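input_11.txt (compact mmCIF, C-alpha atoms) appears below.
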```txt
# COMPACT_ATOMS: atom_id res chain seq x y z
CA MET N 1 -4.05 16.05 -14.42
CA LEU N 2 -4.12 14.78 -18.00
CA LYS N 3 -3.71 11.45 -19.73
CA VAL N 4 -1.46 11.96 -22.76
CA ASP N 5 -0.79 9.52 -25.61
CA LEU N 6 2.95 9.09 -26.19
CA PRO N 7 5.12 6.90 -28.43
CA GLU N 8 6.55 3.87 -26.69
CA ARG N 9 10.31 3.44 -26.41
CA PRO N 10 11.66 1.08 -29.09
CA GLY N 11 12.60 -2.25 -27.52
CA TRP N 12 11.41 -1.37 -24.05
CA ARG N 13 10.36 -4.99 -23.38
CA ASP N 14 13.94 -6.14 -24.03
CA ARG N 15 15.08 -3.43 -21.63
CA ALA N 16 12.58 -4.66 -19.04
CA ALA N 17 13.77 -8.27 -19.41
CA GLU N 18 17.40 -7.14 -19.08
CA LEU N 19 16.58 -5.40 -15.80
CA GLY N 20 14.60 -8.33 -14.41
CA PHE N 21 11.19 -6.70 -14.87
CA THR N 22 9.74 -10.05 -15.95
CA PHE N 23 6.12 -9.22 -15.11
CA ALA N 24 5.73 -6.26 -17.48
CA ASP N 25 3.09 -8.45 -19.13
CA MET N 26 0.86 -10.61 -16.93
CA HIS N 27 -2.04 -12.96 -17.65
CA GLY N 28 -1.77 -12.22 -21.37
CA GLU N 29 -2.32 -8.50 -20.75
CA PRO N 30 0.12 -5.58 -20.51
CA TYR N 31 0.87 -4.59 -16.93
CA TRP N 32 3.42 -1.87 -17.68
CA ASP N 33 1.79 0.34 -20.32
CA GLU N 34 3.67 3.33 -21.71
CA SER N 35 1.43 4.00 -24.71
CA SER N 36 0.23 6.94 -22.63
CA ALA N 37 1.24 8.64 -19.40
CA TYR N 38 -0.31 10.84 -16.75
CA GLN N 39 0.73 14.48 -16.68
CA PHE N 40 0.51 16.50 -13.48
CA SER N 41 1.28 20.07 -12.58
CA LEU N 42 3.69 20.76 -9.75
CA ARG N 43 0.88 22.33 -7.76
CA GLU N 44 -1.25 19.19 -8.11
CA ILE N 45 1.63 17.03 -6.87
CA GLU N 46 2.71 19.22 -3.97
CA ASP N 47 -0.62 20.56 -2.73
CA ASP N 48 -3.07 17.78 -3.61
CA ILE N 49 -1.00 14.61 -3.20
CA GLU N 50 2.36 15.01 -1.41
CA GLU N 51 1.29 17.17 1.53
CA PRO N 52 -2.07 15.39 2.10
CA ALA N 53 -0.45 11.94 1.98
CA THR N 54 2.15 12.99 4.55
CA GLU N 55 -0.64 14.38 6.73
CA LEU N 56 -2.71 11.21 6.31
CA HIS N 57 0.26 9.19 7.50
CA GLY N 58 0.37 11.29 10.66
CA LEU N 59 -3.34 10.72 11.22
CA CYS N 60 -2.81 6.98 10.83
CA ARG N 61 -0.15 7.01 13.51
CA GLU N 62 -2.57 8.81 15.84
CA ALA N 63 -5.11 6.10 15.08
CA VAL N 64 -2.58 3.38 15.94
CA ALA N 65 -1.99 4.96 19.33
CA ARG N 66 -5.72 4.72 20.04
CA ILE N 67 -6.28 1.24 18.60
CA VAL N 68 -3.45 -0.53 20.45
CA GLU N 69 -4.80 0.73 23.79
CA SER N 70 -8.33 -0.54 23.07
CA ASP N 71 -9.10 -4.23 23.29
CA GLU N 72 -12.48 -3.48 21.70
CA LEU N 73 -10.91 -1.88 18.63
CA MET N 74 -8.30 -4.63 18.34
CA ALA N 75 -11.15 -7.15 18.32
CA ARG N 76 -13.09 -5.15 15.72
CA LEU N 77 -10.00 -5.17 13.49
CA ALA N 78 -9.84 -8.98 13.93
CA ILE N 79 -6.41 -8.95 15.57
CA PRO N 80 -6.19 -12.41 17.20
CA GLU N 81 -6.42 -12.11 20.97
CA GLU N 82 -3.24 -14.10 21.55
CA HIS N 83 -1.22 -11.63 19.45
CA ARG N 84 -2.67 -8.30 20.54
CA ASP N 85 0.13 -7.78 23.04
CA VAL N 86 2.69 -8.35 20.23
CA VAL N 87 1.02 -5.60 18.21
CA ALA N 88 0.75 -3.20 21.14
CA GLU N 89 4.30 -3.79 22.35
CA SER N 90 5.76 -3.23 18.89
CA TRP N 91 4.14 0.22 18.93
CA ARG N 92 5.20 1.01 22.49
CA ARG N 93 8.79 0.03 21.66
CA HIS N 94 8.69 2.39 18.66
CA GLU N 95 9.63 -0.39 16.27
CA PRO N 96 10.43 1.36 13.00
CA GLU N 97 8.43 1.32 9.81
CA ILE N 98 9.95 1.47 6.35
CA TYR N 99 7.25 2.19 3.80
CA GLY N 100 3.58 2.19 2.79
CA ARG N 101 1.31 3.21 -0.08
CA PHE N 102 -1.86 5.23 0.12
CA ASP N 103 -4.34 4.52 -2.68
CA LEU N 104 -6.03 7.80 -3.55
CA ALA N 105 -8.92 8.81 -5.81
CA TYR N 106 -7.95 12.06 -7.56
CA ASP N 107 -9.05 13.84 -10.71
CA GLY N 108 -7.06 17.07 -10.53
CA THR N 109 -9.97 19.22 -9.39
CA GLY N 110 -10.58 18.47 -5.72
CA PRO N 111 -9.02 16.94 -2.62
CA ALA N 112 -7.57 13.48 -3.10
CA LYS N 113 -9.66 10.92 -1.21
CA LEU N 114 -8.17 8.02 0.71
CA LEU N 115 -9.47 4.70 -0.57
CA GLU N 116 -7.20 2.52 1.55
CA TYR N 117 -3.72 2.31 3.05
CA ASN N 118 -1.45 -0.53 1.94
CA ALA N 119 0.80 -0.20 4.96
CA ASP N 120 2.27 -3.68 5.36
CA THR N 121 3.04 -5.40 2.06
CA PRO N 122 2.51 -2.90 -0.77
CA THR N 123 3.84 -4.04 -4.14
CA SER N 124 4.47 -2.06 -7.38
CA LEU N 125 7.56 -0.68 -5.62
CA TYR N 126 10.08 -1.53 -8.35
CA GLU N 127 8.05 -0.07 -11.19
CA SER N 128 7.28 3.05 -9.12
CA ALA N 129 10.78 3.70 -7.79
CA SER N 130 12.93 2.54 -10.69
CA PHE N 131 11.41 1.56 -14.02
CA GLN N 132 9.25 4.66 -14.45
CA TRP N 133 12.29 6.85 -13.68
CA ILE N 134 14.23 5.07 -16.42
CA TRP N 135 11.24 5.72 -18.71
CA LEU N 136 11.36 9.43 -17.86
CA GLU N 137 15.08 9.76 -18.56
CA GLU N 138 14.94 7.83 -21.82
CA GLN N 139 11.86 9.68 -23.09
CA MET N 140 13.53 12.99 -22.30
CA ALA N 141 16.68 11.87 -24.12
CA ALA N 142 14.55 10.84 -27.11
CA GLY N 143 12.81 14.21 -27.22
CA VAL N 144 9.39 12.72 -26.43
CA LEU N 145 9.36 14.64 -23.14
CA ARG N 146 10.83 18.07 -22.48
CA GLU N 147 14.11 18.59 -20.67
CA THR N 148 12.18 20.64 -18.10
CA ASP N 149 9.74 17.82 -17.32
CA ASP N 150 10.13 16.03 -14.01
CA GLN N 151 8.64 13.17 -12.01
CA PHE N 152 7.52 12.92 -8.39
CA ASN N 153 9.84 10.08 -7.55
CA GLY N 154 12.34 10.17 -4.72
CA ILE N 155 11.31 6.72 -3.52
CA HIS N 156 14.63 4.90 -3.91
CA GLU N 157 16.62 7.75 -2.39
CA ALA N 158 14.21 7.93 0.54
CA LEU N 159 14.56 4.19 1.14
CA VAL N 160 18.35 4.44 1.13
CA GLU N 161 18.21 7.26 3.66
CA ARG N 162 15.66 5.38 5.78
CA PHE N 163 17.89 2.31 6.08
CA ARG N 164 20.92 4.51 6.75
CA THR N 165 19.04 6.29 9.54
CA LEU N 166 17.75 3.13 11.21
CA PHE N 167 20.73 0.77 11.03
CA ALA N 168 24.46 0.96 11.60
CA PRO N 169 26.74 0.28 8.61
CA ASP N 170 27.25 -3.42 7.80
CA THR N 171 24.12 -4.48 9.69
CA ASP N 172 22.85 -7.75 8.24
CA LEU N 173 19.25 -7.59 7.03
CA HIS N 174 17.19 -10.42 5.60
CA PHE N 175 14.52 -9.97 2.93
CA ALA N 176 11.94 -12.66 2.28
CA ALA N 177 9.07 -13.30 -0.12
CA MET N 178 7.10 -16.26 -1.38
CA ALA N 179 9.06 -18.28 -3.94
CA GLY N 180 7.84 -18.25 -7.53
CA ASN N 181 6.23 -14.78 -7.44
CA PRO N 182 8.22 -12.38 -9.68
CA GLU N 183 6.31 -9.30 -8.52
CA ASP N 184 6.98 -10.03 -4.85
CA TYR N 185 10.64 -10.77 -5.56
CA ALA N 186 10.98 -7.45 -7.41
CA THR N 187 9.60 -5.66 -4.35
CA VAL N 188 12.02 -7.22 -1.88
CA GLU N 189 14.93 -6.83 -4.30
CA ALA N 190 14.11 -3.12 -4.65
CA MET N 191 14.23 -2.94 -0.85
CA ALA N 192 17.48 -4.91 -0.65
CA TRP N 193 19.04 -2.73 -3.35
CA ALA N 194 18.34 0.36 -1.22
CA ALA N 195 19.70 -1.36 1.89
CA ARG N 196 22.93 -2.32 0.11
CA GLU N 197 23.35 1.25 -1.12
CA ALA N 198 22.94 2.37 2.49
CA GLY N 199 25.83 0.11 3.49
CA MET N 200 23.84 -2.83 4.85
CA GLY N 201 24.34 -6.52 4.26
CA ALA N 202 21.21 -7.72 2.44
CA HIS N 203 20.35 -11.43 2.20
CA TYR N 204 17.37 -12.89 0.34
CA SER N 205 15.46 -15.97 1.48
CA ASP N 206 12.31 -17.66 0.23
CA LEU N 207 9.71 -17.44 2.97
CA GLN N 208 9.15 -21.18 2.72
CA ARG N 209 12.81 -21.80 3.64
CA ILE N 210 12.85 -19.82 6.87
CA GLY N 211 13.27 -22.18 9.78
CA LEU N 212 13.79 -22.24 13.53
CA SER N 213 16.92 -22.77 15.56
CA ALA N 214 16.97 -24.97 18.64
CA GLU N 215 16.66 -21.74 20.67
CA GLY N 216 13.51 -20.69 18.79
CA GLN N 217 15.12 -18.04 16.60
CA PHE N 218 14.33 -17.63 12.91
CA THR N 219 17.00 -18.90 10.52
CA ASP N 220 17.58 -18.67 6.78
CA ALA N 221 18.29 -21.49 4.33
CA GLU N 222 21.96 -21.48 5.41
CA ASP N 223 21.01 -21.74 9.11
CA ARG N 224 22.09 -18.17 9.83
CA VAL N 225 20.09 -16.55 12.63
CA ILE N 226 17.90 -13.73 11.35
CA GLY N 227 18.14 -10.61 13.48
CA THR N 228 16.14 -8.27 11.23
CA LEU N 229 13.64 -9.55 8.70
CA PHE N 230 11.73 -7.67 6.01
CA LYS N 231 8.95 -10.10 5.12
CA LEU N 232 6.55 -9.58 2.25
CA TYR N 233 3.96 -11.62 4.09
CA PRO N 234 0.84 -9.99 5.54
CA TRP N 235 0.54 -9.86 9.30
CA GLU N 236 -3.01 -11.22 9.15
CA ASP N 237 -1.58 -14.38 7.56
CA LEU N 238 1.47 -14.56 9.79
CA PHE N 239 -0.70 -14.34 12.92
CA ARG N 240 -2.46 -17.50 11.77
CA ASP N 241 0.77 -19.28 10.84
CA PRO N 242 2.46 -21.77 13.23
CA PHE N 243 5.55 -19.52 13.20
CA ALA N 244 3.55 -16.86 15.05
CA ALA N 245 4.01 -18.84 18.26
CA HIS N 246 7.70 -17.89 18.14
CA LEU N 247 7.34 -14.15 17.54
CA LYS N 248 8.10 -13.30 21.17
CA SER N 249 11.04 -15.65 21.60
CA ALA N 250 12.69 -15.17 18.21
CA ASP N 251 14.29 -11.83 19.16
CA CYS N 252 13.83 -10.71 15.56
CA LEU N 253 13.04 -7.16 14.47
CA MET N 254 10.28 -7.48 11.89
CA LEU N 255 9.85 -5.07 9.01
CA GLU N 256 7.15 -3.99 8.69
CA PRO N 257 6.55 -4.06 12.49
CA ALA N 258 3.58 -5.85 14.05
CA TRP N 259 1.74 -2.57 14.75
CA LYS N 260 1.33 -2.19 10.98
CA ALA N 261 -1.33 -4.92 11.29
CA VAL N 262 -3.80 -2.26 12.39
CA VAL N 263 -3.09 0.21 9.56
CA SER N 264 -2.94 -2.32 6.74
CA ASN N 265 -6.46 -3.25 7.83
CA LYS N 266 -9.60 -1.70 6.30
CA GLY N 267 -10.90 -1.33 9.85
CA LEU N 268 -8.54 1.64 10.06
CA LEU N 269 -10.91 3.61 7.80
CA PRO N 270 -13.87 3.82 10.22
CA VAL N 271 -11.47 4.60 13.08
CA LEU N 272 -9.98 7.47 11.06
CA TRP N 273 -13.46 8.82 10.26
CA GLN N 274 -14.47 8.58 13.91
CA MET N 275 -11.35 10.49 14.97
CA PHE N 276 -11.17 13.02 12.13
CA GLU N 277 -14.71 13.27 10.78
CA GLY N 278 -14.96 15.72 7.89
CA HIS N 279 -11.26 15.71 7.01
CA PRO N 280 -11.06 16.68 3.32
CA ASN N 281 -8.98 13.66 2.36
CA LEU N 282 -11.13 11.07 4.13
CA LEU N 283 -14.31 9.35 3.00
CA PRO N 284 -17.03 8.52 5.54
CA ALA N 285 -16.52 4.96 6.75
CA PHE N 286 -18.18 2.71 9.34
CA PHE N 287 -18.11 -0.90 10.42
CA LEU N 288 -20.78 -2.79 8.50
CA ASP N 289 -22.31 -4.32 11.61
CA ASP N 290 -22.83 -0.80 13.02
CA VAL N 291 -24.55 0.31 9.81
CA GLU N 292 -26.83 -2.75 9.85
CA ALA N 293 -27.58 -2.39 13.55
CA ALA N 294 -28.46 1.30 13.20
CA ALA N 295 -30.70 0.57 10.20
CA ALA N 296 -32.54 -2.06 12.26
CA GLY N 297 -32.94 0.26 15.24
CA ARG N 298 -30.58 -1.76 17.41
CA ARG N 299 -28.11 -0.26 19.86
CA VAL N 300 -24.75 0.96 18.50
CA ALA N 301 -21.71 2.59 20.06
CA PRO N 302 -22.28 6.11 21.44
CA GLY N 303 -22.12 8.70 18.67
CA THR N 304 -22.29 6.19 15.83
CA ALA N 305 -25.96 6.68 14.98
CA GLU N 306 -25.50 10.45 14.98
CA ALA N 307 -22.41 10.15 12.76
CA LEU N 308 -24.38 7.98 10.33
CA ASP N 309 -27.16 10.58 10.26
CA ARG N 310 -24.57 13.15 9.15
CA VAL N 311 -23.91 11.05 6.01
CA PRO N 312 -27.46 10.68 4.68
CA GLY N 313 -26.54 9.12 1.33
CA LEU N 314 -24.37 6.38 2.80
CA ALA N 315 -27.23 3.89 3.20
CA THR N 316 -27.74 3.62 -0.56
CA GLU N 317 -24.38 4.67 -2.05
CA HIS N 318 -21.32 2.92 -0.66
CA VAL N 319 -18.55 0.38 -1.11
CA ILE N 320 -18.33 -2.75 1.04
CA LYS N 321 -14.80 -3.91 1.83
CA PRO N 322 -13.54 -6.80 3.95
CA LEU N 323 -11.00 -5.96 6.63
CA PHE N 324 -8.39 -7.91 4.68
CA SER N 325 -8.33 -7.85 0.90
CA ARG N 326 -5.83 -7.76 -1.95
CA GLU N 327 -6.28 -6.51 -5.52
CA GLY N 328 -9.95 -5.65 -5.12
CA ALA N 329 -11.00 -9.13 -4.01
CA SER N 330 -14.40 -9.45 -2.28
CA ILE N 331 -15.22 -5.75 -2.75
CA SER N 332 -18.66 -4.63 -3.94
CA ILE N 333 -20.20 -1.31 -4.97
CA VAL N 334 -23.75 -0.43 -3.89
CA GLU N 335 -25.75 2.24 -5.73
CA GLY N 336 -29.41 3.03 -5.20
CA GLY N 337 -29.38 0.40 -2.48
CA GLU N 338 -28.40 -2.39 -4.91
CA VAL N 339 -25.07 -4.06 -5.63
CA THR N 340 -24.07 -2.76 -9.09
CA GLU N 341 -20.57 -4.21 -9.28
CA ALA N 342 -18.74 -6.89 -7.32
CA SER N 343 -15.36 -8.51 -7.60
CA PRO N 344 -15.59 -12.06 -8.92
CA ASP N 345 -12.79 -13.01 -6.52
CA THR N 346 -14.45 -13.86 -3.21
CA THR N 347 -11.29 -14.97 -1.40
CA TYR N 348 -11.84 -12.60 1.54
CA ALA N 349 -15.64 -12.74 1.69
CA ALA N 350 -15.72 -14.44 5.11
CA HIS N 351 -13.92 -11.58 6.87
CA PRO N 352 -15.74 -8.82 8.77
CA ARG N 353 -16.48 -5.83 6.56
CA ILE N 354 -16.60 -2.06 6.56
CA VAL N 355 -18.72 0.40 4.59
CA GLN N 356 -17.06 3.36 2.87
CA ALA N 357 -18.83 6.16 1.00
CA TYR N 358 -18.65 5.59 -2.76
CA HIS N 359 -16.38 8.07 -4.52
CA PRO N 360 -16.23 7.31 -8.27
CA LEU N 361 -12.81 7.29 -9.88
CA PRO N 362 -12.28 9.63 -12.83
CA VAL N 363 -12.43 8.11 -16.31
CA LEU N 364 -9.62 9.00 -18.72
CA GLY N 365 -9.40 7.22 -22.06
CA GLY N 366 -11.74 4.47 -20.87
CA PHE N 367 -9.65 3.68 -17.76
CA ARG N 368 -10.01 4.66 -14.12
CA PRO N 369 -6.74 5.69 -12.43
CA VAL N 370 -5.79 5.23 -8.78
CA ILE N 371 -2.89 7.27 -7.42
CA GLY N 372 -0.50 5.27 -5.26
CA ALA N 373 1.22 7.76 -2.95
CA TRP N 374 4.36 6.24 -1.45
CA VAL N 375 5.40 7.06 2.11
CA VAL N 376 8.89 6.19 3.33
CA GLY N 377 9.47 6.81 7.00
CA GLU N 378 6.86 9.46 7.70
CA ALA N 379 6.82 11.50 4.47
CA CYS N 380 5.36 11.05 0.99
CA CYS N 381 8.16 10.78 -1.55
CA GLY N 382 6.65 9.65 -4.87
CA ILE N 383 3.70 8.21 -6.71
CA GLY N 384 2.76 5.39 -9.06
CA VAL N 385 -0.42 5.31 -11.11
CA ARG N 386 -2.47 2.17 -11.80
CA GLU N 387 -5.57 2.14 -13.94
CA ASP N 388 -8.34 -0.34 -14.60
CA ARG N 389 -11.27 -0.53 -17.00
CA GLY N 390 -13.53 -1.57 -14.13
CA ARG N 391 -14.58 0.49 -11.14
CA ILE N 392 -12.82 -1.95 -8.79
CA THR N 393 -9.06 -1.91 -9.33
CA GLN N 394 -8.06 -5.58 -9.61
CA ASP N 395 -5.17 -7.83 -10.59
CA LEU N 396 -5.38 -6.92 -14.31
CA SER N 397 -4.84 -3.22 -13.69
CA ARG N 398 -2.12 -1.44 -15.66
CA PHE N 399 0.78 0.58 -14.31
CA LYS N 400 1.21 3.93 -16.05
CA PRO N 401 4.22 6.24 -15.86
CA HIS N 402 3.76 9.90 -14.99
CA TYR N 403 5.55 13.20 -15.37
CA ILE N 404 5.28 16.76 -14.09
CA ARG N 405 4.98 19.66 -16.52
CA ASP N 406 4.28 23.32 -15.85
```

Just give me the structure of the file as structure tokens.
Amino acid sequence: MLKVDLPERPGWRDRAAELGFTFADMHGEPYWDESSAYQFSLREIEDDIEEPATELHGLCREAVARIVESDELMARLAIPEEHRDVVAESWRRHEPEIYGRFDLAYDGTGPAKLLEYNADTPTSLYESASFQWIWLEEQMAAGVLRETDDQFNGIHEALVERFRTLFAPDTDLHFAAMAGNPEDYATVEAMAWAAREAGMGAHYSDLQRIGLSAEGQFTDAEDRVIGTLFKLYPWEDLFRDPFAAHLKSADCLMLEPAWKAVVSNKGLLPVLWQMFEGHPNLLPAFFLDDVEAAAAGRRVAPGTAEALDRVPGLATEHVIKPLFSREGASISIVEGGEVTEASPDTTYAAHPRIVQAYHPLPVLGGFRPVIGAWVVGEACCGIGVREDRGRITQDLSRFKPHYIRD
């Protein structure tokens, strides 16, 4: 894995604007940055990222099966009691998932390590699936990249096939996001584009304009009943929304399904470690209250104290993460027993927290990359790379294209 300086395409910002990529610059900083790119070997992609991410997805599904049958675990993951049956039933009914993104720490020399799983509302989909592929083709045509170079990017094709597998032709699907957020709109439009290519009817609606029929069904701005809804709205927020009272009666298939609430939750990480301790792609992780209780000599769940003893450095070297967090908010890094870096955004600070072993990101050209491994259905099908100057990847991170060269 290398970071390589490359010439930018002339007029690429005009090209981005033409394609609706209006957030290529955000907050006065570049978001899309093609002044350099990440180069991978085919072995690194296939052996270190693609296969492990697909395996991790399988482990997550095993964890779901355990969590939804445990009221204790549902409580620890802060799933509201009144909605736990909605979560469990969505799993038991095999309600389908579409996509997710594993965030991995990887430097090209060892196993990729799972930092977290964005399983419910992952963004950066458009730039991963589409705009970086356009970059690859145009840079190859310009002679900047070789004709034999490639990219790990079958995301759009996998989405098309996923919709085609799940739904009959001409099925009407609705796609919703918060109004006024270009990045969210790009994500749902990338989804809708794949659905249309698969032969579906795809209708967009602002989340704020979704209503209720007299029969308690969800409706769009034109009062059409919504039978299937892809909503870019986190389950932890929806569960606390007045509309949640109608989830059972609405007769609406939700994408992502309600069971994704337990895998888009940082509480998944300690459950995975408990189930698959020592897995090469996992970092040791525990619920913070267990760590504090064990340190104080108080009683903890059977096996927890022993598991903590098997990670002797965890007490002084770790990352604290709230169960729910976006863009690095409310995350802190502890080294030598002291907080050495913390996100200034404390939006999620009131939520219960987990402790994860600290695994430093590599530093290339002054930036720290995180590999976003995309899963569609149950297989990894592409990556996107984001990098940040800080050790906590936040909302000013940059998206970098990548290519494969052997």

Report task. List every protein, DNA or RNA residue that has an atom no more than 7 Å from (-10.3, -0.8, -0.2) in the file's coordinate frame, counting only C-alpha atoms, and report them as a ChimeraX atom specification. Result -> /N:115-116,266,321,328

Export C-alpha atoms of the chosen residues as a PDB file, keeping the file's coordinate frame?
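Now in selection.pdb:
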```
ATOM      1  CA  LEU N 115      -9.470   4.700  -0.570  1.00  0.00           C
ATOM      2  CA  GLU N 116      -7.200   2.520   1.550  1.00  0.00           C
ATOM      3  CA  LYS N 266      -9.600  -1.700   6.300  1.00  0.00           C
ATOM      4  CA  LYS N 321     -14.800  -3.910   1.830  1.00  0.00           C
ATOM      5  CA  GLY N 328      -9.950  -5.650  -5.120  1.00  0.00           C
TER       6      GLY N 328
END
```

Sorted per-residue table, region 59-165 of chain N near region 375-390 of chain N, closest atoms and distance, 9 Å, all atoms listed in the file, as a tab-separated table:
```
residue	atom	partner	partner_atom	distance
N:Pro96	CA	N:Gly377	CA	8.2
N:Glu97	CA	N:Gly377	CA	6.3
N:Ile98	CA	N:Gly377	CA	5.4
N:Tyr99	CA	N:Val376	CA	4.3
N:Gly100	CA	N:Val375	CA	5.2
N:Arg101	CA	N:Val375	CA	6.0
N:Phe102	CA	N:Val375	CA	7.7
N:Ser124	CA	N:Gly384	CA	7.8
N:Leu125	CA	N:Gly384	CA	8.5
N:Glu127	CA	N:Gly384	CA	7.9
N:Ser128	CA	N:Gly384	CA	5.1
N:Ala129	CA	N:Gly382	CA	7.8
N:Gln132	CA	N:Gly384	CA	8.5
N:Gln151	CA	N:Gly382	CA	8.2
N:Phe152	CA	N:Gly382	CA	4.9
N:Asn153	CA	N:Gly382	CA	4.2
N:Gly154	CA	N:Cys381	CA	5.3
N:Ile155	CA	N:Cys381	CA	5.5
N:Ala158	CA	N:Val376	CA	6.3
N:Leu159	CA	N:Val376	CA	6.4
N:Arg162	CA	N:Gly377	CA	6.5
```

Requested in this report: Rank N:Gln39, N:Thr148, N:Gln217, N:Asn265 by their smallest atom-to-atom distance to Leu247 (chain N), using all atoms listed in the file, and report the top residue only.
Outcome: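 Checking each candidate against Leu247 (chain N), we get N:Gln217 as the closest.
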
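The two atoms in question, CA of Ala198 (chain N) and CA of Glu161 (chain N), are spaced 6.9 Å apart.
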
Query raised in the report: What lies within 12 Å of Phe218 (chain N) using all atoms listed in the file, ignoring chain neighbours under 6 positions off, as an NGL selection string?
Result: :N and (174 or 176 or 205 or 207-212 or 224-229 or 243-254)

Can you pull out every residue within 12 Å of Ala112 (chain N), counting only C-alpha atoms, but drop anything in the same chain fewer than 2 positions away, and send it as an mmCIF file with C-alpha atoms, in the coordinates of the input?
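Output file result_30.cif follows:
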```cif
data_model
loop_
_atom_site.group_PDB
_atom_site.id
_atom_site.type_symbol
_atom_site.label_atom_id
_atom_site.label_comp_id
_atom_site.auth_asym_id
_atom_site.auth_seq_id
_atom_site.Cartn_x
_atom_site.Cartn_y
_atom_site.Cartn_z
ATOM 1 C CA GLU N 44 -1.250 19.190 -8.110
ATOM 2 C CA ILE N 45 1.630 17.030 -6.870
ATOM 3 C CA GLU N 46 2.710 19.220 -3.970
ATOM 4 C CA ASP N 47 -0.620 20.560 -2.730
ATOM 5 C CA ASP N 48 -3.070 17.780 -3.610
ATOM 6 C CA ILE N 49 -1.000 14.610 -3.200
ATOM 7 C CA GLU N 50 2.360 15.010 -1.410
ATOM 8 C CA GLU N 51 1.290 17.170 1.530
ATOM 9 C CA PRO N 52 -2.070 15.390 2.100
ATOM 10 C CA ALA N 53 -0.450 11.940 1.980
ATOM 11 C CA LEU N 56 -2.710 11.210 6.310
ATOM 12 C CA PHE N 102 -1.860 5.230 0.120
ATOM 13 C CA ASP N 103 -4.340 4.520 -2.680
ATOM 14 C CA LEU N 104 -6.030 7.800 -3.550
ATOM 15 C CA ALA N 105 -8.920 8.810 -5.810
ATOM 16 C CA TYR N 106 -7.950 12.060 -7.560
ATOM 17 C CA ASP N 107 -9.050 13.840 -10.710
ATOM 18 C CA GLY N 108 -7.060 17.070 -10.530
ATOM 19 C CA THR N 109 -9.970 19.220 -9.390
ATOM 20 C CA GLY N 110 -10.580 18.470 -5.720
ATOM 21 C CA LEU N 114 -8.170 8.020 0.710
ATOM 22 C CA LEU N 115 -9.470 4.700 -0.570
ATOM 23 C CA GLU N 116 -7.200 2.520 1.550
ATOM 24 C CA HIS N 279 -11.260 15.710 7.010
ATOM 25 C CA PRO N 280 -11.060 16.680 3.320
ATOM 26 C CA ASN N 281 -8.980 13.660 2.360
ATOM 27 C CA LEU N 282 -11.130 11.070 4.130
ATOM 28 C CA LEU N 283 -14.310 9.350 3.000
ATOM 29 C CA HIS N 359 -16.380 8.070 -4.520
ATOM 30 C CA PRO N 360 -16.230 7.310 -8.270
ATOM 31 C CA LEU N 361 -12.810 7.290 -9.880
ATOM 32 C CA PRO N 362 -12.280 9.630 -12.830
ATOM 33 C CA VAL N 370 -5.790 5.230 -8.780
ATOM 34 C CA ILE N 371 -2.890 7.270 -7.420
ATOM 35 C CA GLY N 372 -0.500 5.270 -5.260
ATOM 36 C CA ALA N 373 1.220 7.760 -2.950
#
```

Requested in this report: Check the smallest atom-to-atom distance from each of N:Leu232, N:Ala258, N:Val4, N:Leu238 to Tyr185 (chain N) using all atoms listed in the file, then report the winner.
Outcome: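 Looking at the shortest contact to Tyr185 (chain N), the residue is N:Leu232.
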